[in-house]
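my_file.pdb follows; it contains PDB, C-alpha atoms, pLDDT in the B column.
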MODEL        1
ATOM      1  CA  MET A   1      21.092 -14.330 -65.388  1.00 52.00           C
ATOM      2  CA  LYS A   2      24.495 -15.186 -63.935  1.00 50.00           C
ATOM      3  CA  SER A   3      26.197 -12.957 -66.520  1.00 53.00           C
ATOM      4  CA  LYS A   4      23.843 -10.090 -65.630  1.00 53.00           C
ATOM      5  CA  LEU A   5      24.675 -10.413 -61.933  1.00 49.00           C
ATOM      6  CA  LEU A   6      28.398 -10.483 -62.640  1.00 48.00           C
ATOM      7  CA  PHE A   7      27.998  -7.340 -64.763  1.00 51.00           C
ATOM      8  CA  MET A   8      26.117  -5.639 -61.900  1.00 51.00           C
ATOM      9  CA  LEU A   9      28.930  -6.647 -59.529  1.00 47.00           C
ATOM     10  CA  LEU A  10      31.476  -5.063 -61.864  1.00 48.00           C
ATOM     11  CA  LEU A  11      29.466  -1.839 -61.972  1.00 50.00           C
ATOM     12  CA  MET A  12      29.284  -1.788 -58.171  1.00 49.00           C
ATOM     13  CA  CYS A  13      33.045  -2.291 -57.938  1.00 46.00           C
ATOM     14  CA  VAL A  14      33.845   0.664 -60.173  1.00 45.00           C
ATOM     15  CA  SER A  15      31.372   2.835 -58.291  1.00 48.00           C
ATOM     16  CA  VAL A  16      33.399   2.519 -55.079  1.00 42.00           C
ATOM     17  CA  PRO A  17      35.320   5.759 -54.418  1.00 40.00           C
ATOM     18  CA  SER A  18      38.100   6.019 -56.971  1.00 42.00           C
ATOM     19  CA  MET A  19      40.254   8.595 -55.209  1.00 37.00           C
ATOM     20  CA  ALA A  20      42.490   5.962 -53.636  1.00 39.00           C
ATOM     21  CA  ARG A  21      45.951   6.691 -52.340  1.00 41.00           C
ATOM     22  CA  SER A  22      48.745   5.227 -54.446  1.00 41.00           C
ATOM     23  CA  GLY A  23      50.081   1.924 -53.152  1.00 42.00           C
ATOM     24  CA  ASP A  24      53.560   1.643 -51.737  1.00 44.00           C
ATOM     25  CA  ASN A  25      55.903  -1.085 -50.600  1.00 44.00           C
ATOM     26  CA  ARG A  26      55.162  -0.685 -46.939  1.00 46.00           C
ATOM     27  CA  PRO A  27      53.725  -3.688 -45.078  1.00 47.00           C
ATOM     28  CA  PHE A  28      49.979  -4.328 -45.159  1.00 49.00           C
ATOM     29  CA  GLU A  29      48.277  -3.555 -41.822  1.00 46.00           C
ATOM     30  CA  ARG A  30      51.438  -2.178 -40.229  1.00 44.00           C
ATOM     31  CA  GLY A  31      49.704  -1.144 -37.035  1.00 41.00           C
ATOM     32  CA  PRO A  32      47.836   1.634 -35.241  1.00 41.00           C
ATOM     33  CA  HIS A  33      50.377   4.378 -35.977  1.00 41.00           C
ATOM     34  CA  HIS A  34      50.198   4.158 -39.763  1.00 45.00           C
ATOM     35  CA  GLY A  35      46.629   5.386 -40.252  1.00 46.00           C
ATOM     36  CA  ASP A  36      45.437   5.205 -43.846  1.00 55.00           C
ATOM     37  CA  SER A  37      48.628   3.671 -45.280  1.00 67.00           C
ATOM     38  CA  ASN A  38      46.490   0.589 -45.875  1.00 74.00           C
ATOM     39  CA  ALA A  39      43.957   2.358 -48.116  1.00 87.00           C
ATOM     40  CA  GLY A  40      43.344   0.752 -51.497  1.00 92.00           C
ATOM     41  CA  PHE A  41      41.264  -1.609 -53.601  1.00 95.00           C
ATOM     42  CA  TYR A  42      41.310  -5.357 -53.000  1.00 96.00           C
ATOM     43  CA  ILE A  43      39.888  -8.538 -54.489  1.00 97.00           C
ATOM     44  CA  GLY A  44      39.501 -12.034 -53.136  1.00 96.00           C
ATOM     45  CA  THR A  45      37.506 -15.173 -52.540  1.00 95.00           C
ATOM     46  CA  GLU A  46      35.965 -17.226 -49.755  1.00 94.00           C
ATOM     47  CA  LEU A  47      35.941 -21.010 -50.230  1.00 90.00           C
ATOM     48  CA  GLY A  48      34.675 -23.702 -47.890  1.00 89.00           C
ATOM     49  CA  TYR A  49      31.682 -25.392 -46.298  1.00 87.00           C
ATOM     50  CA  SER A  50      28.346 -24.011 -47.564  1.00 85.00           C
ATOM     51  CA  LYS A  51      25.033 -25.030 -45.978  1.00 83.00           C
ATOM     52  CA  ASN A  52      21.500 -23.964 -46.921  1.00 79.00           C
ATOM     53  CA  SER A  53      18.588 -23.881 -44.498  1.00 73.00           C
ATOM     54  CA  GLN A  54      15.889 -26.508 -44.952  1.00 54.00           C
ATOM     55  CA  THR A  55      13.144 -24.526 -43.222  1.00 43.00           C
ATOM     56  CA  ASN A  56      11.863 -22.417 -46.127  1.00 44.00           C
ATOM     57  CA  ALA A  57       8.115 -22.785 -45.583  1.00 39.00           C
ATOM     58  CA  SER A  58       7.081 -21.144 -48.867  1.00 43.00           C
ATOM     59  CA  TYR A  59       9.049 -23.697 -50.879  1.00 44.00           C
ATOM     60  CA  GLN A  60       8.296 -26.825 -48.861  1.00 42.00           C
ATOM     61  CA  SER A  61       4.576 -26.077 -48.945  1.00 36.00           C
ATOM     62  CA  ILE A  62       4.487 -26.746 -52.690  1.00 36.00           C
ATOM     63  CA  ASP A  63       7.025 -29.541 -52.927  1.00 38.00           C
ATOM     64  CA  ASN A  64       7.447 -33.124 -51.841  1.00 34.00           C
ATOM     65  CA  ALA A  65       9.820 -33.215 -48.878  1.00 29.00           C
ATOM     66  CA  ASP A  66      11.178 -36.583 -50.022  1.00 30.00           C
ATOM     67  CA  LEU A  67      12.830 -34.860 -52.987  1.00 31.00           C
ATOM     68  CA  ASN A  68      15.094 -32.943 -50.579  1.00 35.00           C
ATOM     69  CA  LEU A  69      15.747 -30.205 -53.163  1.00 36.00           C
ATOM     70  CA  PHE A  70      17.743 -28.092 -50.737  1.00 42.00           C
ATOM     71  CA  GLY A  71      20.399 -30.779 -50.472  1.00 45.00           C
ATOM     72  CA  SER A  72      22.572 -30.798 -47.369  1.00 45.00           C
ATOM     73  CA  ASP A  73      26.245 -29.851 -47.216  1.00 49.00           C
ATOM     74  CA  ASN A  74      28.277 -28.598 -50.163  1.00 72.00           C
ATOM     75  CA  LEU A  75      31.505 -26.945 -51.134  1.00 79.00           C
ATOM     76  CA  GLY A  76      30.713 -23.281 -51.744  1.00 84.00           C
ATOM     77  CA  GLY A  77      32.474 -20.077 -52.678  1.00 86.00           C
ATOM     78  CA  ARG A  78      32.084 -16.319 -52.903  1.00 92.00           C
ATOM     79  CA  LEU A  79      33.948 -13.763 -55.021  1.00 95.00           C
ATOM     80  CA  PHE A  80      34.405 -10.239 -53.704  1.00 97.00           C
ATOM     81  CA  ALA A  81      36.029  -6.875 -54.369  1.00 97.00           C
ATOM     82  CA  GLY A  82      36.232  -3.857 -52.123  1.00 97.00           C
ATOM     83  CA  TYR A  83      37.911  -0.671 -51.028  1.00 97.00           C
ATOM     84  CA  GLN A  84      39.840  -0.300 -47.773  1.00 94.00           C
ATOM     85  CA  PHE A  85      39.412   3.296 -46.553  1.00 95.00           C
ATOM     86  CA  ASP A  86      41.917   2.990 -43.694  1.00 92.00           C
ATOM     87  CA  ARG A  87      43.161   0.335 -41.290  1.00 89.00           C
ATOM     88  CA  ASN A  88      39.656  -0.034 -39.765  1.00 94.00           C
ATOM     89  CA  TYR A  89      36.939   0.569 -42.380  1.00 96.00           C
ATOM     90  CA  ALA A  90      36.155  -0.979 -45.757  1.00 97.00           C
ATOM     91  CA  PHE A  91      33.270  -1.450 -48.164  1.00 98.00           C
ATOM     92  CA  GLU A  92      32.925  -4.730 -50.064  1.00 97.00           C
ATOM     93  CA  VAL A  93      30.736  -6.179 -52.826  1.00 97.00           C
ATOM     94  CA  GLY A  94      30.459  -9.870 -53.597  1.00 96.00           C
ATOM     95  CA  TYR A  95      28.862 -12.543 -55.759  1.00 94.00           C
ATOM     96  CA  ASN A  96      27.587 -15.836 -54.359  1.00 90.00           C
ATOM     97  CA  ASN A  97      25.873 -18.823 -56.009  1.00 86.00           C
ATOM     98  CA  THR A  98      24.297 -20.645 -53.062  1.00 83.00           C
ATOM     99  CA  VAL A  99      22.110 -23.206 -54.868  1.00 78.00           C
ATOM    100  CA  ASP A 100      22.612 -24.804 -58.297  1.00 76.00           C
ATOM    101  CA  MET A 101      20.732 -28.082 -58.633  1.00 72.00           C
ATOM    102  CA  ASN A 102      19.237 -30.122 -61.461  1.00 70.00           C
ATOM    103  CA  GLY A 103      17.801 -33.591 -61.234  1.00 70.00           C
ATOM    104  CA  SER A 104      14.901 -35.980 -61.056  1.00 71.00           C
ATOM    105  CA  ALA A 105      13.390 -38.292 -58.478  1.00 67.00           C
ATOM    106  CA  ASP A 106      10.917 -41.159 -58.174  1.00 70.00           C
ATOM    107  CA  VAL A 107       8.764 -41.492 -55.056  1.00 65.00           C
ATOM    108  CA  GLY A 108       6.646 -44.629 -55.379  1.00 67.00           C
ATOM    109  CA  ASN A 109       4.667 -44.272 -58.605  1.00 70.00           C
ATOM    110  CA  ASN A 110       5.312 -40.540 -58.712  1.00 69.00           C
ATOM    111  CA  SER A 111       8.138 -38.782 -60.506  1.00 69.00           C
ATOM    112  CA  ALA A 112       9.419 -35.233 -60.872  1.00 68.00           C
ATOM    113  CA  ASN A 113      12.116 -33.237 -62.632  1.00 73.00           C
ATOM    114  CA  TRP A 114      13.518 -30.004 -61.276  1.00 71.00           C
ATOM    115  CA  HIS A 115      15.928 -27.132 -61.692  1.00 76.00           C
ATOM    116  CA  TYR A 116      16.683 -24.852 -58.758  1.00 79.00           C
ATOM    117  CA  GLN A 117      19.256 -22.032 -58.663  1.00 82.00           C
ATOM    118  CA  VAL A 118      19.864 -19.171 -56.232  1.00 86.00           C
ATOM    119  CA  GLN A 119      22.523 -16.514 -56.783  1.00 90.00           C
ATOM    120  CA  GLY A 120      23.061 -12.879 -55.970  1.00 93.00           C
ATOM    121  CA  ILE A 121      25.251  -9.893 -55.235  1.00 96.00           C
ATOM    122  CA  ASP A 122      25.800  -8.240 -51.868  1.00 97.00           C
ATOM    123  CA  GLY A 123      27.304  -5.104 -50.378  1.00 97.00           C
ATOM    124  CA  SER A 124      28.729  -4.879 -46.855  1.00 97.00           C
ATOM    125  CA  PHE A 125      30.492  -2.430 -44.596  1.00 98.00           C
ATOM    126  CA  ILE A 126      33.448  -3.988 -42.778  1.00 97.00           C
ATOM    127  CA  TYR A 127      35.148  -3.045 -39.534  1.00 98.00           C
ATOM    128  CA  ASN A 128      38.701  -4.356 -39.062  1.00 95.00           C
ATOM    129  CA  TYR A 129      40.479  -4.432 -35.705  1.00 95.00           C
ATOM    130  CA  PRO A 130      44.253  -4.923 -36.083  1.00 93.00           C
ATOM    131  CA  LEU A 131      45.974  -7.209 -33.606  1.00 93.00           C
ATOM    132  CA  ALA A 132      49.674  -7.843 -33.025  1.00 87.00           C
ATOM    133  CA  ASN A 133      51.995  -9.331 -35.665  1.00 86.00           C
ATOM    134  CA  HIS A 134      49.828  -8.491 -38.702  1.00 90.00           C
ATOM    135  CA  PHE A 135      46.780 -10.368 -37.461  1.00 95.00           C
ATOM    136  CA  SER A 136      43.362  -8.701 -37.491  1.00 95.00           C
ATOM    137  CA  VAL A 137      39.753  -9.607 -36.764  1.00 97.00           C
ATOM    138  CA  PHE A 138      36.793  -8.188 -38.673  1.00 97.00           C
ATOM    139  CA  ALA A 139      33.002  -8.012 -38.682  1.00 98.00           C
ATOM    140  CA  LYS A 140      30.712  -7.066 -41.563  1.00 98.00           C
ATOM    141  CA  ALA A 141      27.033  -6.297 -42.158  1.00 98.00           C
ATOM    142  CA  GLY A 142      25.059  -5.386 -45.260  1.00 98.00           C
ATOM    143  CA  LEU A 143      22.366  -6.335 -47.753  1.00 98.00           C
ATOM    144  CA  GLY A 144      22.179  -8.619 -50.769  1.00 97.00           C
ATOM    145  CA  LEU A 145      20.036  -8.761 -53.912  1.00 97.00           C
ATOM    146  CA  TYR A 146      19.404 -12.441 -54.677  1.00 95.00           C
ATOM    147  CA  GLN A 147      17.464 -14.238 -57.395  1.00 93.00           C
ATOM    148  CA  ALA A 148      15.768 -17.628 -57.180  1.00 88.00           C
ATOM    149  CA  ASP A 149      14.986 -19.586 -60.352  1.00 87.00           C
ATOM    150  CA  VAL A 150      12.777 -22.613 -59.644  1.00 81.00           C
ATOM    151  CA  HIS A 151      11.272 -25.014 -62.175  1.00 77.00           C
ATOM    152  CA  ASP A 152       9.553 -28.224 -60.997  1.00 71.00           C
ATOM    153  CA  GLU A 153       7.663 -30.551 -63.296  1.00 64.00           C
ATOM    154  CA  TYR A 154       5.517 -33.218 -61.639  1.00 59.00           C
ATOM    155  CA  VAL A 155       4.890 -35.932 -64.212  1.00 56.00           C
ATOM    156  CA  TYR A 156       2.264 -37.826 -62.208  1.00 53.00           C
ATOM    157  CA  SER A 157      -0.029 -34.810 -61.713  1.00 55.00           C
ATOM    158  CA  ASN A 158       0.826 -32.858 -64.866  1.00 59.00           C
ATOM    159  CA  THR A 159       1.805 -29.923 -62.607  1.00 63.00           C
ATOM    160  CA  VAL A 160       4.509 -27.392 -63.445  1.00 66.00           C
ATOM    161  CA  ILE A 161       5.882 -24.910 -60.932  1.00 69.00           C
ATOM    162  CA  ASP A 162       7.862 -22.097 -62.525  1.00 76.00           C
ATOM    163  CA  LYS A 163       9.095 -19.310 -60.256  1.00 78.00           C
ATOM    164  CA  ASN A 164      11.592 -16.543 -60.878  1.00 86.00           C
ATOM    165  CA  GLN A 165      11.885 -13.953 -58.144  1.00 88.00           C
ATOM    166  CA  THR A 166      14.335 -11.412 -56.772  1.00 94.00           C
ATOM    167  CA  ARG A 167      14.487 -10.601 -53.073  1.00 95.00           C
ATOM    168  CA  ILE A 168      16.556  -8.525 -50.645  1.00 97.00           C
ATOM    169  CA  VAL A 169      18.379 -10.484 -47.932  1.00 96.00           C
ATOM    170  CA  GLY A 170      20.597  -9.599 -44.994  1.00 97.00           C
ATOM    171  CA  ILE A 171      24.340 -10.280 -44.898  1.00 97.00           C
ATOM    172  CA  ALA A 172      26.532 -10.647 -41.805  1.00 97.00           C
ATOM    173  CA  GLY A 173      29.955 -12.109 -41.178  1.00 96.00           C
ATOM    174  CA  THR A 174      33.096 -12.250 -39.097  1.00 97.00           C
ATOM    175  CA  GLY A 175      36.591 -13.686 -39.301  1.00 97.00           C
ATOM    176  CA  ILE A 176      40.285 -13.465 -38.570  1.00 97.00           C
ATOM    177  CA  LYS A 177      43.097 -12.953 -41.065  1.00 95.00           C
ATOM    178  CA  TYR A 178      46.850 -12.577 -41.366  1.00 96.00           C
ATOM    179  CA  ASN A 179      48.123  -9.765 -43.606  1.00 90.00           C
ATOM    180  CA  PHE A 180      51.411 -10.554 -45.325  1.00 91.00           C
ATOM    181  CA  ARG A 181      53.892  -7.803 -46.268  1.00 82.00           C
ATOM    182  CA  ASN A 182      53.160  -8.249 -49.984  1.00 81.00           C
ATOM    183  CA  HIS A 183      49.512  -7.136 -49.490  1.00 89.00           C
ATOM    184  CA  VAL A 184      48.168 -10.703 -49.445  1.00 94.00           C
ATOM    185  CA  GLY A 185      45.655 -11.561 -46.732  1.00 95.00           C
ATOM    186  CA  LEU A 186      44.777 -15.093 -45.627  1.00 97.00           C
ATOM    187  CA  GLY A 187      42.413 -16.226 -42.894  1.00 97.00           C
ATOM    188  CA  LEU A 188      39.186 -17.869 -41.793  1.00 97.00           C
ATOM    189  CA  SER A 189      35.716 -16.376 -42.225  1.00 97.00           C
ATOM    190  CA  VAL A 190      32.018 -16.986 -41.706  1.00 96.00           C
ATOM    191  CA  THR A 191      29.398 -15.316 -43.943  1.00 94.00           C
ATOM    192  CA  TYR A 192      25.680 -15.670 -43.226  1.00 94.00           C
ATOM    193  CA  GLN A 193      22.844 -14.724 -45.601  1.00 94.00           C
ATOM    194  CA  THR A 194      19.224 -14.601 -44.409  1.00 94.00           C
ATOM    195  CA  ALA A 195      16.259 -16.334 -46.051  1.00 91.00           C
ATOM    196  CA  ASN A 196      13.476 -14.642 -48.012  1.00 90.00           C
ATOM    197  CA  ASP A 197      10.667 -16.655 -49.620  1.00 85.00           C
ATOM    198  CA  TYR A 198      12.208 -19.038 -52.210  1.00 83.00           C
ATOM    199  CA  ILE A 199      15.728 -17.984 -51.194  1.00 87.00           C
ATOM    200  CA  PRO A 200      17.002 -20.177 -48.332  1.00 86.00           C
ATOM    201  CA  ALA A 201      19.364 -18.938 -45.651  1.00 89.00           C
ATOM    202  CA  ASN A 202      22.987 -19.820 -46.336  1.00 89.00           C
ATOM    203  CA  THR A 203      26.101 -20.109 -44.175  1.00 91.00           C
ATOM    204  CA  LEU A 204      29.567 -20.184 -45.743  1.00 91.00           C
ATOM    205  CA  ILE A 205      32.453 -21.176 -43.449  1.00 93.00           C
ATOM    206  CA  GLY A 206      35.917 -21.391 -44.933  1.00 92.00           C
ATOM    207  CA  VAL A 207      39.163 -19.826 -46.007  1.00 96.00           C
ATOM    208  CA  ARG A 208      39.280 -16.171 -47.051  1.00 97.00           C
ATOM    209  CA  ALA A 209      42.080 -15.010 -49.350  1.00 96.00           C
ATOM    210  CA  SER A 210      42.543 -11.459 -50.626  1.00 96.00           C
ATOM    211  CA  TYR A 211      44.986  -9.204 -52.407  1.00 95.00           C
ATOM    212  CA  ARG A 212      45.145  -5.426 -51.885  1.00 92.00           C
ATOM    213  CA  PHE A 213      46.511  -3.305 -54.723  1.00 90.00           C
TER     214      PHE A 213
ENDMDL
END

Full structure transcribed into structure tokens:
Amino acid sequence: MKSKLLFMLLLMCVSVPSMARSGDNRPFERGPHHGDSNAGFYIGTELGYSKNSQTNASYQSIDNADLNLFGSDNLGGRLFAGYQFDRNYAFEVGYNNTVDMNGSADVGNNSANWHYQVQGIDGSFIYNYPLANHFSVFAKAGLGLYQADVHDEYVYSNTVIDKNQTRIVGIAGTGIKYNFRNHVGLGLSVTYQTANDYIPANTLIGVRASYRF
């Protein structure tokens, strides 16, 4: 499934408007008087602290809370590609794998084995507000298409839970970045993804790095 989602992300990337202005050697985000000189495609990643919600009622209602399948805090990451229309507006697509867990647990005389994975692609519109000295702040909002793959096998009760579902979730984020003169951007960002049934909410807080062509 992961390969299918990556392929869908690639298709979304190439569907972004292809009539981009040719890049030049002028500084990235030069300021308010340079208009669309910043137009172009870009790629990047967000890496940092990733936390899932533990309040997904649909999932907890069929599972033993002692197993703590949602985990707690993890290192997470997101890959993205987008198109910068001008110094203010951009459209971005991304891939995120928010849950990837396998394991087993014993609770008293009871035991269970599980596999739980959540991943998806998202699309967001971004508004950038340039500040002085190549700094800028941004906000984004959009939607994601996420898939949950859940398999729990309860040995003591001979029960098997096998769920595979795809749901639409909301995406929102904000951050601040510094745009170097070689088209590299580096900053801090927060990306939030809403919950939907077996898909828990996720917050990714970390470093955002990008390169504009």

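Residues of protein, DNA and RNA with at least one atom no farther than 10 Å from (8.2, -15.8, -59.5) are, using all atoms listed in the file, Gln147, Ala148, Asp149, Val150, Ile161, Asp162, Lys163, Asn164, Gln165, Thr166 and Tyr198 of chain A.
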
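Using all atoms listed in the file, the smallest distance between any of A:Asn182, A:Ser210, A:Thr45, A:Asn202 and A:Asn74 comes from A:Asn202.
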
Please write as an mmCIF file with C-alpha atoms, in the coordinates of the input the full residue list that the PyMOL selection byres ((chain A and resi 76-87) around 6) yields on this file.
data_model
loop_
_atom_site.group_PDB
_atom_site.id
_atom_site.type_symbol
_atom_site.label_atom_id
_atom_site.label_comp_id
_atom_site.auth_asym_id
_atom_site.auth_seq_id
_atom_site.Cartn_x
_atom_site.Cartn_y
_atom_site.Cartn_z
ATOM 1 C CA ASP A 36 45.437 5.205 -43.846
ATOM 2 C CA ASN A 38 46.490 0.589 -45.875
ATOM 3 C CA ALA A 39 43.957 2.358 -48.116
ATOM 4 C CA GLY A 40 43.344 0.752 -51.497
ATOM 5 C CA PHE A 41 41.264 -1.609 -53.601
ATOM 6 C CA TYR A 42 41.310 -5.357 -53.000
ATOM 7 C CA ILE A 43 39.888 -8.538 -54.489
ATOM 8 C CA GLY A 44 39.501 -12.034 -53.136
ATOM 9 C CA THR A 45 37.506 -15.173 -52.540
ATOM 10 C CA GLU A 46 35.965 -17.226 -49.755
ATOM 11 C CA LEU A 47 35.941 -21.010 -50.230
ATOM 12 C CA GLY A 48 34.675 -23.702 -47.890
ATOM 13 C CA TYR A 49 31.682 -25.392 -46.298
ATOM 14 C CA SER A 50 28.346 -24.011 -47.564
ATOM 15 C CA LEU A 75 31.505 -26.945 -51.134
ATOM 16 C CA ASN A 88 39.656 -0.034 -39.765
ATOM 17 C CA TYR A 89 36.939 0.569 -42.380
ATOM 18 C CA ALA A 90 36.155 -0.979 -45.757
ATOM 19 C CA PHE A 91 33.270 -1.450 -48.164
ATOM 20 C CA GLU A 92 32.925 -4.730 -50.064
ATOM 21 C CA VAL A 93 30.736 -6.179 -52.826
ATOM 22 C CA GLY A 94 30.459 -9.870 -53.597
ATOM 23 C CA TYR A 95 28.862 -12.543 -55.759
ATOM 24 C CA ASN A 96 27.587 -15.836 -54.359
#

Could you check which residues have any atom within 9 Å of (26.5, -23.5, -43.4), counting only C-alpha atoms with coordinates taken straight from the file, and then list them as an MDAnalysis selection string?
chainID A and resid 49:53 73:74 190:192 201:205

To one decimal place, how far is atom CA of A:Ala172 from atom CA of A:Lys140 in Å?
5.5 Å

Residue by residue, what does the PyMOL selection byres ((chain A and resi 133) around 9) grab here? Present the result as a PyMOL selection string.
chain A and resi 30-31+130-132+134-136+178-179

With all atoms listed in the file as the counted atoms, please give the residues lying no more than 9 Å from A:Val169, apart from itself and same-chain residues fewer than 4 positions off, as a PyMOL selection string.
chain A and resi 122+142-146+193-196+199+201

Work out how far atom CA of A:Arg181 is from atom CA of A:Phe125, in Å to one decimal.
24.1 Å

Can you measure atom CA of A:Gln119 to atom CA of A:Asp197 for me? One decimal in Å is fine.
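Interatomic distance, atom CA of A:Gln119 to atom CA of A:Asp197: 13.9 Å.
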